>>> print(open('data-v7.csv').read())   # CSV, C-alpha atoms
chain,number,residue,atom,x,y,z
A,156,MET,CA,19.5,-13.1,-19.5
A,157,ALA,CA,16.7,-10.6,-18.9
A,158,GLU,CA,14.0,-13.2,-19.6
A,159,VAL,CA,15.2,-15.6,-17.0
A,160,THR,CA,15.4,-12.9,-14.4
A,161,LEU,CA,11.9,-11.6,-15.2
A,162,GLN,CA,10.6,-15.1,-15.0
A,163,ASP,CA,12.2,-15.6,-11.6
A,164,ALA,CA,10.8,-12.3,-10.3
A,165,VAL,CA,7.3,-13.2,-11.4
A,166,LYS,CA,7.6,-16.7,-10.0
A,167,LYS,CA,8.8,-15.4,-6.7
A,168,PHE,CA,6.1,-12.8,-6.5
A,169,ALA,CA,3.4,-15.3,-7.5
A,170,SER,CA,4.7,-18.0,-5.1
A,171,ASP,CA,5.0,-15.5,-2.2
A,172,LEU,CA,1.5,-14.3,-2.9
A,173,ALA,CA,0.1,-17.8,-3.0
A,174,GLU,CA,1.8,-18.5,0.3
A,175,LYS,CA,0.3,-15.3,1.7
A,176,VAL,CA,-3.1,-16.3,0.5
A,177,ASN,CA,-2.7,-19.6,2.3
A,178,THR,CA,-1.9,-17.7,5.5
A,179,PHE,CA,-4.7,-15.3,4.8
A,180,VAL,CA,-7.3,-18.0,4.4
A,181,ALA,CA,-6.1,-19.6,7.7
A,182,ASP,CA,-6.0,-16.4,9.6
A,183,ILE,CA,-9.2,-14.6,8.5
A,184,SER,CA,-11.2,-16.8,10.8
A,185,GLU,CA,-10.8,-14.2,13.5
A,186,LEU,CA,-10.1,-10.5,13.8
A,187,GLU,CA,-8.3,-8.9,16.7
A,188,VAL,CA,-8.2,-5.2,17.5
A,189,ARG,CA,-6.2,-3.8,20.4
A,190,THR,CA,-6.2,-0.3,21.6
A,191,TYR,CA,-3.4,1.1,23.7
A,192,THR,CA,-2.8,4.4,25.2
A,193,THR,CA,0.4,6.0,26.3
A,194,PRO,CA,1.5,9.3,27.8
A,195,ALA,CA,2.1,12.0,25.1
A,196,ASP,CA,5.8,12.0,25.7
A,197,GLN,CA,6.1,8.3,25.1
A,198,VAL,CA,4.3,8.0,21.7
A,199,GLY,CA,7.6,8.2,19.8
A,200,THR,CA,8.8,5.0,21.5
A,201,PHE,CA,6.2,3.0,19.4
A,202,ILE,CA,7.8,4.3,16.2
A,203,THR,CA,10.6,1.8,16.3
A,204,GLY,CA,10.2,0.0,13.0
A,205,GLU,CA,10.4,-3.5,14.3
A,206,ALA,CA,9.4,-3.1,17.9
A,207,GLY,CA,7.3,-6.0,19.1
A,208,LEU,CA,4.4,-5.5,21.5
A,209,THR,CA,6.5,-6.5,24.5
A,210,GLU,CA,8.9,-3.7,23.8
A,211,ILE,CA,6.1,-1.3,23.2
A,212,LEU,CA,4.4,-2.2,26.5
A,213,THR,CA,7.6,-1.8,28.5
A,214,GLU,CA,9.6,0.9,26.7
A,215,GLY,CA,6.6,2.9,25.5
A,216,LYS,CA,4.7,2.6,28.8
A,217,ALA,CA,1.7,1.7,26.7
A,218,THR,CA,-1.3,0.2,28.4
A,219,LEU,CA,-3.8,-2.1,26.7
A,220,ARG,CA,-7.1,-0.4,27.3
A,221,ALA,CA,-9.6,-2.3,25.1
A,222,TYR,CA,-9.6,-5.5,23.1
A,223,THR,CA,-12.0,-7.1,20.7
A,224,LYS,CA,-11.7,-10.5,19.1
A,225,ILE,CA,-14.4,-11.4,16.6
A,226,ALA,CA,-14.4,-15.0,15.4
A,227,PHE,CA,-16.4,-15.5,12.2
A,228,ASP,CA,-18.3,-18.4,13.7
A,229,GLY,CA,-20.1,-15.6,15.7
A,230,ASP,CA,-18.0,-15.7,18.9
A,231,MET,CA,-16.9,-12.4,20.2
A,232,THR,CA,-14.6,-11.4,23.0
A,233,VAL,CA,-14.7,-7.7,24.1
A,234,LEU,CA,-12.7,-6.1,26.9
A,235,VAL,CA,-14.1,-2.7,27.8
A,236,PRO,CA,-12.0,-0.1,29.5
A,237,THR,CA,-13.2,1.0,32.9
A,238,GLY,CA,-12.2,3.7,35.3
A,239,PRO,CA,-11.4,3.5,39.1
A,240,SER,CA,-15.1,3.2,40.0
A,241,GLY,CA,-15.9,0.7,37.3
A,242,GLU,CA,-17.5,3.2,34.9
A,243,ILE,CA,-16.8,2.8,31.2
A,244,GLU,CA,-14.1,5.2,29.9
A,245,GLU,CA,-16.1,6.6,27.1
A,246,THR,CA,-13.3,8.3,25.2
A,247,VAL,CA,-11.1,5.1,25.0
A,248,TRP,CA,-14.2,3.0,24.3
A,249,ALA,CA,-15.2,5.3,21.4
A,250,LEU,CA,-11.7,5.2,20.0
A,251,HIS,CA,-11.7,1.4,20.1
A,252,GLN,CA,-15.1,1.0,18.6
A,253,MET,CA,-14.0,3.2,15.6
A,254,MET,CA,-10.9,1.1,15.1
A,255,VAL,CA,-13.0,-2.1,15.2
A,256,GLN,CA,-15.3,-0.7,12.6
A,257,GLN,CA,-12.4,0.3,10.4
A,258,ALA,CA,-10.8,-3.1,10.8
A,259,MET,CA,-13.9,-4.8,9.7
A,260,GLU,CA,-14.3,-2.6,6.6
A,261,HIS,CA,-10.6,-3.2,5.8
A,262,ARG,CA,-10.9,-6.9,6.2
A,263,ALA,CA,-13.8,-7.0,3.8
A,264,ALA,CA,-11.8,-5.0,1.2
A,265,MET,CA,-8.7,-7.2,1.7
A,266,ILE,CA,-10.7,-10.4,1.1
A,267,GLN,CA,-11.9,-9.0,-2.2
A,268,ALA,CA,-8.5,-7.7,-3.3
A,269,VAL,CA,-6.7,-10.9,-2.2
A,270,GLY,CA,-9.2,-13.0,-4.1
A,271,GLU,CA,-8.6,-11.1,-7.3
A,272,ALA,CA,-4.9,-11.0,-6.7
A,273,ALA,CA,-4.8,-14.8,-6.2
A,274,ALA,CA,-6.5,-15.4,-9.5
A,275,SER,CA,-4.1,-13.0,-11.2
A,276,ALA,CA,-1.1,-14.6,-9.5
A,277,LEU,CA,-2.2,-18.0,-10.6
A,278,LYS,CA,-2.2,-16.7,-14.2
A,279,ALA,CA,1.2,-15.2,-13.7
A,280,LEU,CA,2.5,-18.4,-12.2
A,281,GLY,CA,1.2,-20.2,-15.3
A,282,MET,CA,2.9,-17.7,-17.5
A,283,ALA,CA,6.2,-18.1,-15.6
A,284,GLY,CA,6.0,-21.8,-15.9
A,285,GLY,CA,5.9,-22.3,-12.1
A,286,GLU,CA,4.5,-25.2,-10.2
B,128,MET,CA,9.5,21.9,7.2
B,129,ALA,CA,6.2,21.6,5.4
B,130,GLU,CA,3.2,22.1,7.6
B,131,TYR,CA,1.6,19.0,6.0
B,132,TYR,CA,3.1,15.9,4.4
B,133,PHE,CA,1.9,12.5,3.2
B,134,ALA,CA,4.7,10.1,2.8
B,135,LEU,CA,5.3,6.4,2.3
B,136,ASP,CA,8.6,5.8,4.0
B,137,GLY,CA,10.8,2.8,3.3
B,138,VAL,CA,9.9,1.8,-0.2
B,139,ALA,CA,11.3,2.7,-3.6
B,140,LEU,CA,8.7,2.5,-6.3
B,141,PRO,CA,10.6,2.7,-9.6
B,142,GLY,CA,9.9,5.4,-12.1
B,143,THR,CA,7.9,7.6,-9.8
B,144,ASP,CA,8.3,9.8,-6.7
B,145,SER,CA,4.7,9.5,-5.6
B,146,LEU,CA,2.1,6.9,-5.1
B,147,PHE,CA,-1.2,7.8,-6.8
B,148,GLY,CA,-0.2,11.5,-6.6
B,149,ILE,CA,-0.9,11.3,-2.9
B,150,TRP,CA,2.1,9.8,-1.1
B,151,LYS,CA,5.5,11.1,-1.5
B,152,ILE,CA,7.9,8.1,-1.8
B,153,VAL,CA,10.7,8.3,0.7
B,154,LYS,CA,13.3,5.7,-0.4
B,155,PRO,CA,15.0,3.6,2.2
B,156,PRO,CA,18.5,4.8,3.0
B,157,SER,CA,21.3,2.9,1.3
B,158,GLY,CA,22.8,0.1,3.4
B,159,SER,CA,21.1,-1.2,6.5
B,160,PRO,CA,17.7,0.2,7.3
B,161,GLN,CA,18.8,1.1,10.8
B,162,ASP,CA,22.2,2.3,9.5
B,163,GLY,CA,23.3,3.5,12.9
B,164,ALA,CA,20.8,6.3,12.9
B,165,GLU,CA,20.2,7.9,16.3
B,166,VAL,CA,16.7,7.7,17.6
B,167,SER,CA,15.0,11.0,18.3
B,168,PHE,CA,11.6,11.6,19.6
B,169,ALA,CA,11.7,15.3,18.9
B,170,PRO,CA,8.8,16.6,16.8
B,171,GLY,CA,9.1,15.8,13.1
B,172,THR,CA,11.6,13.0,13.6
B,173,SER,CA,11.3,9.3,13.8
B,174,LYS,CA,13.7,6.3,13.8
B,175,VAL,CA,14.6,4.9,10.4
B,176,PRO,CA,11.9,2.3,9.7
B,177,THR,CA,12.6,-1.3,8.8
B,178,GLU,CA,9.0,-1.7,7.6
B,179,PRO,CA,7.2,0.7,5.3
B,180,VAL,CA,5.5,3.5,7.2
B,181,TRP,CA,2.7,5.7,6.0
B,182,ARG,CA,3.3,9.1,7.6
B,183,VAL,CA,0.8,11.8,7.7
B,184,ARG,CA,1.8,15.2,9.1
B,185,LEU,CA,-0.9,17.7,9.6
B,186,PRO,CA,-1.4,21.2,11.0
B,187,ALA,CA,-3.3,21.6,14.2
B,188,PRO,CA,-6.8,20.1,14.1
B,189,SER,CA,-8.8,22.5,12.1
B,190,ASP,CA,-10.9,22.7,9.0
B,191,ALA,CA,-7.6,23.0,7.0
B,192,ALA,CA,-6.4,19.6,8.4
B,193,ARG,CA,-9.7,18.0,7.6
B,194,ALA,CA,-9.7,19.5,4.1
B,195,LEU,CA,-6.2,18.2,3.4
B,196,LEU,CA,-7.2,14.6,4.3
B,197,GLU,CA,-10.4,14.9,2.4
B,198,ALA,CA,-8.5,16.2,-0.7
B,199,GLN,CA,-6.2,13.2,-0.5
B,200,SER,CA,-9.2,10.8,-0.1
B,201,VAL,CA,-10.7,12.4,-3.2
B,202,ALA,CA,-7.4,11.8,-5.0
B,203,LEU,CA,-7.5,8.2,-4.1
B,204,ARG,CA,-11.0,7.9,-5.4
B,205,ARG,CA,-9.8,9.6,-8.6
B,206,SER,CA,-6.9,7.1,-8.9
B,207,ALA,CA,-9.4,4.2,-8.6
B,208,ALA,CA,-11.5,5.7,-11.4
B,209,ASP,CA,-8.3,6.3,-13.5
B,210,LEU,CA,-7.2,2.8,-13.0
B,211,ALA,CA,-10.6,1.6,-14.2
B,212,GLN,CA,-10.1,3.7,-17.2
B,213,ALA,CA,-6.7,2.3,-17.8
B,214,GLU,CA,-8.2,-1.2,-17.5
B,215,ARG,CA,-10.8,-0.3,-20.2
B,216,ARG,CA,-8.1,1.1,-22.5
B,217,LEU,CA,-6.0,-2.0,-22.0
B,218,ALA,CA,-9.0,-4.2,-22.8
B,219,GLN,CA,-9.6,-2.3,-26.1
B,220,ILE,CA,-6.0,-3.1,-27.1
B,221,GLY,CA,-6.7,-6.8,-26.2
B,222,GLU,CA,-9.8,-6.7,-28.4
B,223,GLY,CA,-7.8,-5.5,-31.3
B,224,VAL,CA,-9.3,-2.0,-31.5
B,225,SER,CA,-7.1,0.0,-33.9
B,226,PHE,CA,-5.5,3.2,-32.8
B,227,ALA,CA,-4.6,6.0,-35.1
B,228,ALA,CA,-2.3,7.7,-32.6
B,229,THR,CA,1.4,7.4,-33.2
B,230,ALA,CA,2.4,8.4,-29.7
B,231,GLY,CA,1.1,7.9,-26.2
B,232,PRO,CA,0.6,4.8,-24.1
B,233,GLU,CA,-1.5,2.8,-26.7
B,234,ALA,CA,1.0,3.4,-29.5
B,235,GLU,CA,3.9,2.5,-27.3
B,236,LEU,CA,2.3,-0.7,-26.0
B,237,LEU,CA,1.3,-1.8,-29.6
B,238,ALA,CA,4.9,-1.1,-30.7
B,239,THR,CA,6.2,-3.3,-27.9
B,240,LEU,CA,3.8,-6.1,-28.8
B,241,ARG,CA,4.9,-5.9,-32.5
B,242,ALA,CA,8.5,-6.0,-31.4
B,243,LEU,CA,7.9,-9.1,-29.3
B,244,GLU,CA,6.5,-10.8,-32.3
B,245,THR,CA,9.4,-9.8,-34.5
B,246,PRO,CA,12.6,-11.8,-34.0
B,247,VAL,CA,15.5,-9.5,-33.4
B,248,PRO,CA,19.1,-10.2,-32.3
B,249,PHE,CA,19.5,-9.9,-28.6
B,250,GLY,CA,21.4,-7.0,-27.1
B,251,LEU,CA,20.9,-4.7,-30.2
B,252,GLY,CA,19.2,-1.4,-30.5
B,253,ARG,CA,17.8,1.3,-28.3
B,254,GLU,CA,14.4,-0.3,-28.2
B,255,GLU,CA,15.8,-3.5,-26.7
B,256,ALA,CA,17.8,-1.6,-24.1
B,257,GLU,CA,14.6,0.4,-23.2
B,258,ARG,CA,12.6,-2.9,-22.9
B,259,ARG,CA,15.2,-4.3,-20.6
B,260,ARG,CA,15.2,-1.1,-18.5
B,261,ILE,CA,11.4,-1.3,-18.1
B,262,GLY,CA,11.8,-5.0,-17.3
B,263,ARG,CA,14.2,-4.2,-14.4
B,264,GLN,CA,11.8,-1.5,-13.2
B,265,TRP,CA,8.9,-3.9,-13.2
B,266,GLN,CA,10.9,-6.4,-11.2
B,267,GLU,CA,11.7,-3.7,-8.7
B,268,PHE,CA,8.1,-2.7,-8.6
B,269,LEU,CA,7.0,-6.3,-7.9
B,270,GLU,CA,9.5,-6.6,-5.1
B,271,GLN,CA,8.3,-3.4,-3.5
B,272,VAL,CA,4.7,-4.4,-3.7
B,273,ARG,CA,5.6,-7.7,-2.1
B,274,ARG,CA,7.3,-5.8,0.7
B,275,LEU,CA,4.2,-3.6,1.1
B,276,VAL,CA,1.7,-6.3,1.3
B,277,SER,CA,3.7,-8.8,3.3
B,278,HIS,CA,4.7,-6.5,6.1
B,279,TYR,CA,2.6,-4.7,8.6
B,280,ALA,CA,1.1,-1.5,7.4
B,281,ARG,CA,2.2,1.1,9.9
B,282,ILE,CA,0.4,4.4,9.9
B,283,GLU,CA,1.5,7.3,12.0
B,284,THR,CA,-0.2,10.7,12.3
B,285,GLU,CA,1.6,13.7,13.5
B,286,ILE,CA,-0.4,16.8,14.3
B,287,ALA,CA,1.2,20.2,14.8
B,288,GLY,CA,4.5,18.5,15.4
B,289,ALA,CA,3.4,15.8,17.8
B,290,LEU,CA,2.7,12.2,17.2
B,291,VAL,CA,-0.9,11.4,18.2
B,292,GLY,CA,-1.6,8.0,16.9
B,293,HIS,CA,0.2,5.0,15.5
B,294,THR,CA,-1.6,2.0,14.0
B,295,ALA,CA,-0.1,-1.3,12.9
B,296,VAL,CA,-2.3,-3.4,10.6
B,297,GLY,CA,-1.3,-7.0,9.9
B,298,TRP,CA,-1.7,-8.7,6.6
B,299,THR,CA,-5.0,-10.2,7.6
B,300,GLY,CA,-6.3,-7.0,9.1
B,301,ASP,CA,-5.6,-7.2,12.8
B,302,PHE,CA,-5.3,-3.7,14.2
B,303,ASP,CA,-3.0,-2.5,17.0
B,304,THR,CA,-3.4,1.2,17.8
B,305,LEU,CA,-1.5,3.3,20.2
B,306,TRP,CA,-3.0,6.6,21.1
B,307,GLU,CA,-1.7,9.5,23.0
B,308,SER,CA,-3.6,9.5,26.3
B,309,ASP,CA,-4.8,13.1,26.0
B,310,ILE,CA,-5.9,12.9,22.3
B,311,THR,CA,-8.7,15.2,21.4
B,312,PRO,CA,-11.7,14.0,19.4
B,313,GLN,CA,-10.6,16.1,16.4
B,314,ALA,CA,-7.1,14.6,16.4
B,315,MET,CA,-8.7,11.1,16.8
B,316,GLN,CA,-10.8,11.6,13.7
B,317,LEU,CA,-7.8,12.8,11.7
B,318,HIS,CA,-5.8,9.7,12.6
B,319,LEU,CA,-8.7,7.5,11.7
B,320,GLN,CA,-8.9,9.2,8.3
B,321,ALA,CA,-5.2,8.8,7.8
B,322,VAL,CA,-5.5,5.1,8.5
B,323,HIS,CA,-8.3,4.8,6.1
B,324,LEU,CA,-6.3,6.6,3.4
B,325,ALA,CA,-3.2,4.5,3.9
B,326,LEU,CA,-5.1,1.2,3.8
B,327,GLY,CA,-7.1,2.3,0.8
B,328,SER,CA,-3.9,3.1,-1.0
B,329,ARG,CA,-2.4,-0.2,-0.2
B,330,ILE,CA,-5.4,-2.0,-1.6
B,331,ALA,CA,-5.3,0.3,-4.6
B,332,LEU,CA,-1.7,-0.8,-5.3
B,333,LEU,CA,-2.8,-4.4,-5.1
B,334,ARG,CA,-5.6,-3.6,-7.5
B,335,LEU,CA,-3.1,-2.0,-9.9
B,336,LEU,CA,-1.1,-5.2,-9.9
B,337,ILE,CA,-4.3,-7.2,-10.6
B,338,VAL,CA,-5.1,-4.9,-13.6
B,339,VAL,CA,-1.5,-5.5,-15.0
B,340,GLY,CA,-1.6,-9.2,-14.4
B,341,THR,CA,-5.0,-9.7,-15.9
B,342,GLY,CA,-4.4,-7.3,-18.8
B,343,ALA,CA,-1.1,-9.1,-19.7
B,344,ALA,CA,-2.7,-12.5,-19.6
B,345,LYS,CA,-5.3,-11.3,-22.2
B,346,LEU,CA,-2.7,-9.7,-24.4
B,347,ALA,CA,-0.5,-12.7,-24.3
B,348,LEU,CA,-3.3,-14.7,-26.0
B,349,ARG,CA,-2.7,-12.5,-29.1
B,350,LEU,CA,1.0,-13.4,-29.2
B,351,ALA,CA,2.2,-16.5,-30.9
B,352,VAL,CA,5.8,-16.2,-29.6
B,353,PRO,CA,6.8,-18.7,-27.0
B,354,GLY,CA,8.0,-17.0,-23.8
B,355,ALA,CA,6.8,-13.6,-25.0
B,356,GLN,CA,3.9,-13.7,-22.5
B,357,LEU,CA,6.3,-13.0,-19.7
B,358,LEU,CA,7.7,-10.0,-21.5
B,359,VAL,CA,4.3,-8.5,-21.9
B,360,LEU,CA,4.0,-7.9,-18.1
B,361,PRO,CA,6.5,-5.0,-17.9
B,362,ALA,CA,5.1,-3.4,-21.0
B,363,VAL,CA,1.6,-3.5,-19.6
B,364,TRP,CA,2.7,-2.2,-16.3
B,365,LYS,CA,4.4,0.7,-18.1
B,366,PHE,CA,1.2,1.3,-20.1
B,367,VAL,CA,-0.9,1.5,-16.9
B,368,ARG,CA,1.6,3.7,-15.2
B,369,ASP,CA,1.7,6.1,-18.2
B,370,VAL,CA,-2.1,6.2,-18.5
B,371,LEU,CA,-2.4,7.0,-14.8
B,372,ARG,CA,0.2,9.7,-15.2
B,373,GLU,CA,-1.6,11.1,-18.3
B,374,LEU,CA,-5.0,11.2,-16.5
B,375,ARG,CA,-3.5,12.7,-13.4
B,376,GLN,CA,-2.4,15.7,-15.4
B,377,SER,CA,-6.0,16.8,-15.5
B,378,TRP,CA,-6.4,16.7,-11.8
B,379,PRO,CA,-6.6,19.9,-9.8
B,380,GLN,CA,-3.3,20.5,-7.9
B,381,ILE,CA,-3.8,19.4,-4.3
B,382,GLN,CA,-0.3,18.9,-3.0
B,383,SER,CA,2.9,20.8,-3.5
>>> encode(input="data-v7.csv", output="C-alpha cells")
Amino acid sequence: MAEVTLQDAVKKFASDLAEKVNTFVADISELEVRTYTTPADQVGTFITGEAGLTEILTEGKATLRAYTKIAFDGDMTVLVPTGPSGEIEETVWALHQMMVQQAMEHRAAMIQAVGEAAASALKALGMAGGE
Amino acid sequence: MAEYYFALDGVALPGTDSLFGIWKIVKPPSGSPQDGAEVSFAPGTSKVPTEPVWRVRLPAPSDAARALLEAQSVALRRSAADLAQAERRLAQIGEGVSFAATAGPEAELLATLRALETPVPFGLGREEAERRRIGRQWQEFLEQVRRLVSHYARIETEIAGALVGHTAVGWTGDFDTLWESDITPQAMQLHLQAVHLALGSRIALLRLLIVVGTGAAKLALRLAVPGAQLLVLPAVWKFVRDVLRELRQSWPQIQS
C-alpha cells in the first residue's frame, strides 16, 4: 500500500541522515584541503565519476601542490608549494588559499544545515514510527 | 552547443527539469551509469558520471562569463528568499489562517488536508490517484536528495570548451581540487564562483527539505487521523514546490 511505501521511504531517509549526522559529527573535527595541478590535456582524466585519488594521480598525471589540514583544536598543517629554488609558487598558493577559505565557509554552512536537517529528520522518524 | 550551461548531471528530481531555475537537470541514463559509454576528453564531453556532477560551461573569461555566474548567484539568493516566503505561507496554514482562494497552492493543500481527515474508500477517485502520484514523486525526491548529500559534490568548470577546474567536496566539506596548470586568474575566479554556486545550491536543497519536514510536522498537529501525518509530507512538498514555481514566474529571465 502507498502508506507503507511512504513510511519506508521516510524512515530510510531519516535513518540515513541520522547515520550521516553521526559521521559528520565525528569527521568535522578536521578539515582537509588538497590542491592538485595537471597539464591542460590531462584535466579530463579527473572527470571519471568514481575515480579515486590514486587513479587521478597516476592516470591524470596530477601533482599534489598544496595541502592544508585544520584541526579544530587549533592545530594546522600546511604544505606550501615551492619552485626549483625554494621560492613560493604564488599562483598555486593563491589558488589553494582561496579553496581553503571556501572550504571553511562551506563547512560552517553545512554545520548549520545539518543541524536543522537532523532536527527535522528526528521529527520525520517519529512520524514514520522508526526507532 | 550552448555557449553556456549550468547542469546537474546524474540526478532526476521529479516534477521539474531544473533546480531553483538555475541548474538544468540531466537525468542519469537508463541502466548502468557507465552503460558502456566511451570516454572522450574532447571539449564538451565527459564520461557518464556515477555521482552527481555540477557542470558549468562558460564562454571565454570575460565580463559576459562573470555576469552569467553572478546572475545565477542572484537566482540562488532569490530562491532562498522564495523558500522563506513559502515557509511563511505554510506557517499561516498551520496557524489556521483562512484563505478565500479556491485555487493555487494554499487551496490545494487545504483540500488535501480535508481529504486526509475524511475517510474514503482506498483506490477510488481521481484525487486519490493524484495523491498517490505525488506520494511517489516525493519518495523519488527524497531518494535523489539522499544521493546528492551522501555522495561527493563534484563541480567541473569548462571555459570556452576546455575543462579548467574540477573540485570534489566530501560530505563533511573536505576539498580536493584539480586545476589546469596554466589556468589564468580570471578562469580561476570563475571556477571558484561555480563551486560556490553548486555548494550553495546543495545546501539550499537541504534547506528545502527542512522546510517541508518542519512544515509537515506542524500541520500534522492539526490532524486527528492516525497515520495521516505521514501523508502530509508529500502534500507539503508539493505546496513548497508550487509556491517556488509561482514566485519564480516573476523573476527576470536569466537562462534560456
>>> residues_near_point(input="data-v7.csv", point="(-17.1, -11.8, 12.1)", cutoff="10 Å", atoms="only C-alpha atoms", output="ChimeraX atom specification")
/A:183-186,224-231,259,262
>>> residues_around(input="data-v7.csv", residues="A:Pro194", least_positions_apart="6", cutoff="9 Å", atoms="only C-alpha atoms", output="list in words")
Gly215, Lys216 and Ala217 of chain A; Trp306, Glu307, Ser308 and Asp309 of chain B
>>> closest_residue(input="data-v7.csv", among="A:Val235, A:Tyr191, A:Lys166, A:Glu174", to="chain B", atoms="all atoms listed in the file")
A:Tyr191
>>> closest_atom_pairs(input="data-v7.csv", of="chain B", to="chain A", cutoff="7 Å", atoms="all atoms listed in the file", output="Markdown table")
| residue | atom | partner | partner_atom | distance |
| --- | --- | --- | --- | --- |
| B:Phe168 | CA | A:Gly199 | CA | 5.3 |
| B:Ser173 | CA | A:Ile202 | CA | 6.6 |
| B:Lys174 | CA | A:Thr203 | CA | 6.0 |
| B:Pro176 | CA | A:Gly204 | CA | 4.4 |
| B:Thr177 | CA | A:Gly204 | CA | 5.0 |
| B:Glu178 | CA | A:Gly204 | CA | 5.8 |
| B:Arg259 | CA | A:Ala157 | CA | 6.7 |
| B:Gly262 | CA | A:Leu161 | CA | 6.9 |
| B:Gln266 | CA | A:Ala164 | CA | 6.0 |
| B:Leu269 | CA | A:Phe168 | CA | 6.7 |
| B:Arg273 | CA | A:Phe168 | CA | 6.8 |
| B:Leu290 | CA | A:Val198 | CA | 6.4 |
| B:Thr299 | CA | A:Phe179 | CA | 5.8 |
| B:Gly300 | CA | A:Arg262 | CA | 5.4 |
| B:Asp301 | CA | A:Glu187 | CA | 5.0 |
| B:Phe302 | CA | A:Val188 | CA | 4.6 |
| B:Asp303 | CA | A:Arg189 | CA | 4.8 |
| B:Thr304 | CA | A:Thr190 | CA | 5.0 |
| B:Leu305 | CA | A:Tyr191 | CA | 4.5 |
| B:Trp306 | CA | A:Thr192 | CA | 4.7 |
| B:Glu307 | CA | A:Ala195 | CA | 5.0 |
| B:Ser308 | CA | A:Thr192 | CA | 5.3 |
| B:Ile330 | CA | A:Ala268 | CA | 6.7 |
| B:Leu333 | CA | A:Ala268 | CA | 6.8 |
| B:Arg334 | CA | A:Ala268 | CA | 6.5 |
| B:Ile337 | CA | A:Ala272 | CA | 5.5 |
| B:Gly340 | CA | A:Ser275 | CA | 5.6 |
| B:Thr341 | CA | A:Ser275 | CA | 5.8 |
| B:Ala344 | CA | A:Lys278 | CA | 6.9 |
| B:Gln356 | CA | A:Met282 | CA | 6.5 |
| B:Leu357 | CA | A:Met282 | CA | 6.2 |
